[in-house]
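Below you'll find the structure, written out as C-alpha cells, and then a few comments.
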Amino acid sequence: MSKLAQDAAAFKSVLQRQNYTSWHSQPPPLGGSSGGSGGGGGGGGSDAAGTTSDSSPKKKRPKANVVYSQPADTGTGTNVNTQLVYAVNHLKSTHNPMRLQDIAIVTNTPLDTDAVLLDKFKSHEKVQYDPKTDLYSYKHEFNFRTKPALLTEIQRSTRKGGGLSVRVLKESWKDAPQAIEELEKEGEVLVTRTAKDGQLRMVFYNEVKPTEEAGGMPVEDEFRDLWHSLKVPNDVDLLRELTSEGLQATSSEAVVPKAPSTKKKNKRAPRQRQVRITNTHLKGEIDLSRDFVAPGRS
C-alpha cells in the first residue's frame, strides 16, 4: 500500500504542475510567470508574457491642433515679392532708421545677399535711403513728432476742406492718438469716433474756440435739455401737423406728367422699283415688260 500511495502522490503532483488552461482565456498575471517551480511551468510563463506584450494595444500619438483650412505659416517664403513685403512692413513698424543687415536678420530674408531683392527694396516708393549713414527708413505720409507739429498738420488739412484719419496719423507717429485726445480736451480739435467702441476715427481743426473772444461760447444746459426733449412725431402725425400749418410734405408733391411728344414724321413717297430687263438679245421681237399670254387665250 505504501508503494501505491507514493505513486498516487507523485501523479497528483505532476497534475498540479501541468497547466491545461489556454493563455487566450486566462492570461498570466502582470507580476511574472505562474508559481510553478518546474521547467514546463517556467517556459509556459515566458511564452505567455511574450505573447501578451505583442498583443497589447499600441498607444496613439496625440493629434496636433492643425487647422487644415488655413495655409501653413512658412515664414517669409522664397518669393522675392513676399520677402519684400516682410521687409517693408517691418521697416514701417520700427519708426526708426535701420541697417540693411539688421533688417535681413530680423525679417529672415536674404536682403543683404540677393541682388534682385535689394534692388526692389531700394526702389520701393516708401523706402528712404540715407547714403551718409547707410541707414534705411520708412517714408511716412507725415513727418512730425510733437503735438504742435501735429496740430499744424490738422489745421492745414482742415483749411483744405477735410480732416485727417487718426489711423494714418498713428502710422506716422505712434503717440498721435494720445496727443489728439489732449488737443480735444483743450478745445483745439474736433474728433469723430466709432459708434461701436468709441475709438478715434477722424480729426478736424476747431476754428471756433470755446471762448467769448472767438465767439464760441458753450451752449447752456437749459437749452440742451430743451432741445433733446423735443420729439419728432411719426409719419401720420407729421403729415397732419404739416397740413394744419398749410405746408406740404416733399414726398406728397404730385409729379406733373410730361406730354407725349408729337413730332410729325415726313412720309416718303413710295419708291418705284425699276424692272431689270434681261435677255436683251430678244429686244424688239418680244415685249418683255408684259406678262406672257399663251397663244389662243387672248
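Every chain in the C-alpha cells takes a letter, A first, then B, and so on in the order presented; its residues are numbered from 1, and the ligands are numbered from 1 following the presented order.
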Determine which residues of segment 142-230 of chain A receive a DSSP assignment of helix (DSSP H, G or I), computed from the backbone, and state them as a PyMOL selection string.
chain A and resi 147-159+166-172+176-185+221-229
Would you save the residues from that selection as a short mmCIF file (atom, residue, chain, number, x, y, z; two decimals), in the first residue's frame, using N, CA, C and O atoms?
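Contents of again10.cif, freshly written:
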```cif
data_model
loop_
_atom_site.label_atom_id
_atom_site.label_comp_id
_atom_site.auth_asym_id
_atom_site.auth_seq_id
_atom_site.Cartn_x
_atom_site.Cartn_y
_atom_site.Cartn_z
N LYS A 147 3.36 117.51 -30.51
CA LYS A 147 1.94 117.88 -30.54
C LYS A 147 1.71 119.17 -31.32
O LYS A 147 0.73 119.25 -32.09
N PRO A 148 2.55 120.22 -31.19
CA PRO A 148 2.33 121.42 -32.02
C PRO A 148 2.44 121.13 -33.52
O PRO A 148 1.67 121.69 -34.31
N ALA A 149 3.39 120.27 -33.91
CA ALA A 149 3.52 119.94 -35.33
C ALA A 149 2.30 119.16 -35.81
O ALA A 149 1.83 119.34 -36.94
N LEU A 150 1.76 118.29 -34.95
CA LEU A 150 0.53 117.57 -35.29
C LEU A 150 -0.63 118.52 -35.48
O LEU A 150 -1.43 118.38 -36.42
N LEU A 151 -0.77 119.51 -34.59
CA LEU A 151 -1.85 120.49 -34.71
C LEU A 151 -1.71 121.30 -36.00
O LEU A 151 -2.72 121.64 -36.63
N THR A 152 -0.49 121.59 -36.41
CA THR A 152 -0.29 122.32 -37.66
C THR A 152 -0.76 121.51 -38.86
O THR A 152 -1.39 122.05 -39.78
N GLU A 153 -0.48 120.20 -38.87
CA GLU A 153 -0.93 119.35 -39.97
C GLU A 153 -2.46 119.26 -39.99
O GLU A 153 -3.07 119.29 -41.07
N ILE A 154 -3.09 119.17 -38.83
CA ILE A 154 -4.55 119.10 -38.77
C ILE A 154 -5.17 120.41 -39.26
O ILE A 154 -6.16 120.41 -39.99
N GLN A 155 -4.57 121.51 -38.86
CA GLN A 155 -5.08 122.82 -39.28
C GLN A 155 -4.93 123.00 -40.79
O GLN A 155 -5.84 123.52 -41.46
N ARG A 156 -3.81 122.58 -41.35
CA ARG A 156 -3.59 122.70 -42.79
C ARG A 156 -4.59 121.85 -43.58
O ARG A 156 -5.13 122.29 -44.59
N SER A 157 -4.87 120.65 -43.09
CA SER A 157 -5.81 119.78 -43.79
C SER A 157 -7.24 120.29 -43.69
O SER A 157 -8.01 120.19 -44.65
N THR A 158 -7.61 120.86 -42.55
CA THR A 158 -8.97 121.38 -42.39
C THR A 158 -9.21 122.58 -43.28
O THR A 158 -10.30 122.75 -43.84
N ARG A 159 -8.22 123.40 -43.46
CA ARG A 159 -8.38 124.56 -44.33
C ARG A 159 -8.51 124.15 -45.79
O ARG A 159 -9.08 124.90 -46.60
N VAL A 166 -7.18 109.29 -38.15
CA VAL A 166 -6.34 109.05 -36.97
C VAL A 166 -5.44 107.83 -37.22
O VAL A 166 -4.32 107.78 -36.74
N ARG A 167 -5.90 106.89 -37.99
CA ARG A 167 -5.08 105.71 -38.29
C ARG A 167 -3.84 106.09 -39.08
O ARG A 167 -2.74 105.59 -38.81
N VAL A 168 -3.99 107.00 -40.05
CA VAL A 168 -2.83 107.44 -40.83
C VAL A 168 -1.87 108.25 -39.95
O VAL A 168 -0.65 108.11 -40.07
N LEU A 169 -2.41 109.06 -39.06
CA LEU A 169 -1.56 109.84 -38.17
C LEU A 169 -0.81 108.93 -37.21
O LEU A 169 0.35 109.19 -36.86
N LYS A 170 -1.43 107.85 -36.78
CA LYS A 170 -0.77 106.92 -35.86
C LYS A 170 0.37 106.18 -36.55
O LYS A 170 1.37 105.86 -35.93
N GLU A 171 0.22 105.90 -37.85
CA GLU A 171 1.31 105.27 -38.59
C GLU A 171 2.52 106.19 -38.68
O GLU A 171 3.66 105.71 -38.67
N SER A 172 2.29 107.48 -38.76
CA SER A 172 3.40 108.43 -38.82
C SER A 172 4.01 108.69 -37.45
O SER A 172 5.23 108.89 -37.34
N ALA A 176 0.32 109.73 -31.62
CA ALA A 176 -0.65 110.70 -32.16
C ALA A 176 -2.02 110.58 -31.50
O ALA A 176 -2.64 111.61 -31.20
N PRO A 177 -2.58 109.38 -31.25
CA PRO A 177 -3.91 109.33 -30.61
C PRO A 177 -3.95 109.99 -29.25
O PRO A 177 -4.92 110.68 -28.91
N GLN A 178 -2.91 109.80 -28.44
CA GLN A 178 -2.88 110.43 -27.12
C GLN A 178 -2.81 111.95 -27.25
O GLN A 178 -3.48 112.68 -26.51
N ALA A 179 -2.01 112.43 -28.20
CA ALA A 179 -1.92 113.88 -28.40
C ALA A 179 -3.23 114.46 -28.91
O ALA A 179 -3.62 115.57 -28.54
N ILE A 180 -3.96 113.70 -29.74
CA ILE A 180 -5.24 114.19 -30.26
C ILE A 180 -6.27 114.30 -29.14
O ILE A 180 -7.05 115.26 -29.08
N GLU A 181 -6.27 113.34 -28.22
CA GLU A 181 -7.19 113.41 -27.09
C GLU A 181 -6.88 114.62 -26.20
O GLU A 181 -7.79 115.28 -25.69
N GLU A 182 -5.62 114.93 -26.03
CA GLU A 182 -5.25 116.13 -25.26
C GLU A 182 -5.69 117.40 -25.97
O GLU A 182 -6.18 118.34 -25.33
N LEU A 183 -5.51 117.44 -27.30
CA LEU A 183 -5.96 118.61 -28.05
C LEU A 183 -7.48 118.75 -28.04
O LEU A 183 -8.00 119.87 -28.05
N GLU A 184 -8.18 117.62 -27.97
CA GLU A 184 -9.64 117.67 -27.89
C GLU A 184 -10.09 118.27 -26.56
O GLU A 184 -11.04 119.07 -26.51
N LYS A 185 -9.43 117.90 -25.47
CA LYS A 185 -9.77 118.47 -24.17
C LYS A 185 -9.47 119.96 -24.11
O LYS A 185 -10.17 120.72 -23.43
N ASP A 221 -26.91 124.55 -20.49
CA ASP A 221 -27.53 123.24 -20.23
C ASP A 221 -29.05 123.29 -20.38
O ASP A 221 -29.68 122.30 -20.79
N GLU A 222 -29.65 124.44 -20.05
CA GLU A 222 -31.10 124.55 -20.16
C GLU A 222 -31.56 124.41 -21.62
O GLU A 222 -32.54 123.74 -21.93
N PHE A 223 -30.80 125.05 -22.52
CA PHE A 223 -31.14 124.95 -23.94
C PHE A 223 -30.89 123.53 -24.45
O PHE A 223 -31.65 123.02 -25.29
N ARG A 224 -29.85 122.87 -23.99
CA ARG A 224 -29.57 121.49 -24.41
C ARG A 224 -30.69 120.55 -23.98
O ARG A 224 -31.15 119.70 -24.76
N ASP A 225 -31.14 120.72 -22.73
CA ASP A 225 -32.23 119.87 -22.25
C ASP A 225 -33.52 120.12 -23.04
O ASP A 225 -34.26 119.18 -23.34
N LEU A 226 -33.78 121.39 -23.36
CA LEU A 226 -34.97 121.71 -24.13
C LEU A 226 -34.88 121.12 -25.53
O LEU A 226 -35.87 120.62 -26.08
N TRP A 227 -33.69 121.14 -26.12
CA TRP A 227 -33.50 120.61 -27.48
C TRP A 227 -33.70 119.09 -27.51
O TRP A 227 -34.36 118.56 -28.38
N HIS A 228 -33.13 118.41 -26.53
CA HIS A 228 -33.23 116.94 -26.51
C HIS A 228 -34.63 116.47 -26.07
O HIS A 228 -34.98 115.31 -26.30
N SER A 229 -35.40 117.36 -25.44
CA SER A 229 -36.74 116.95 -25.02
C SER A 229 -37.73 116.94 -26.18
O SER A 229 -38.80 116.35 -26.08
#
```
Do you know which residues are at most 12 Å from His95 of chain A counting only C-alpha atoms, after dropping those on the same chain fewer than 6 positions away, and could you put them as JSON, numbers by chain?
{"A": [88, 89, 127, 136, 137, 138, 139, 140, 142, 143, 144, 145, 170, 171, 172, 173, 174, 175]}
Run DSSP on the backbone and give me the residues of segment 51-184 of chain A it puts in strand (DSSP E), as a VMD selection string.
chain A and resid 127 to 130 135 to 138 164 to 165
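From atom CA of Gly162 of chain A back to atom CA of Val203 of chain A, the distance works out to 9.1 Å.
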Residues within 9 Å of His90 of chain A, only C-alpha atoms, excluding chain neighbours under 6 positions, as a count of residues only
3
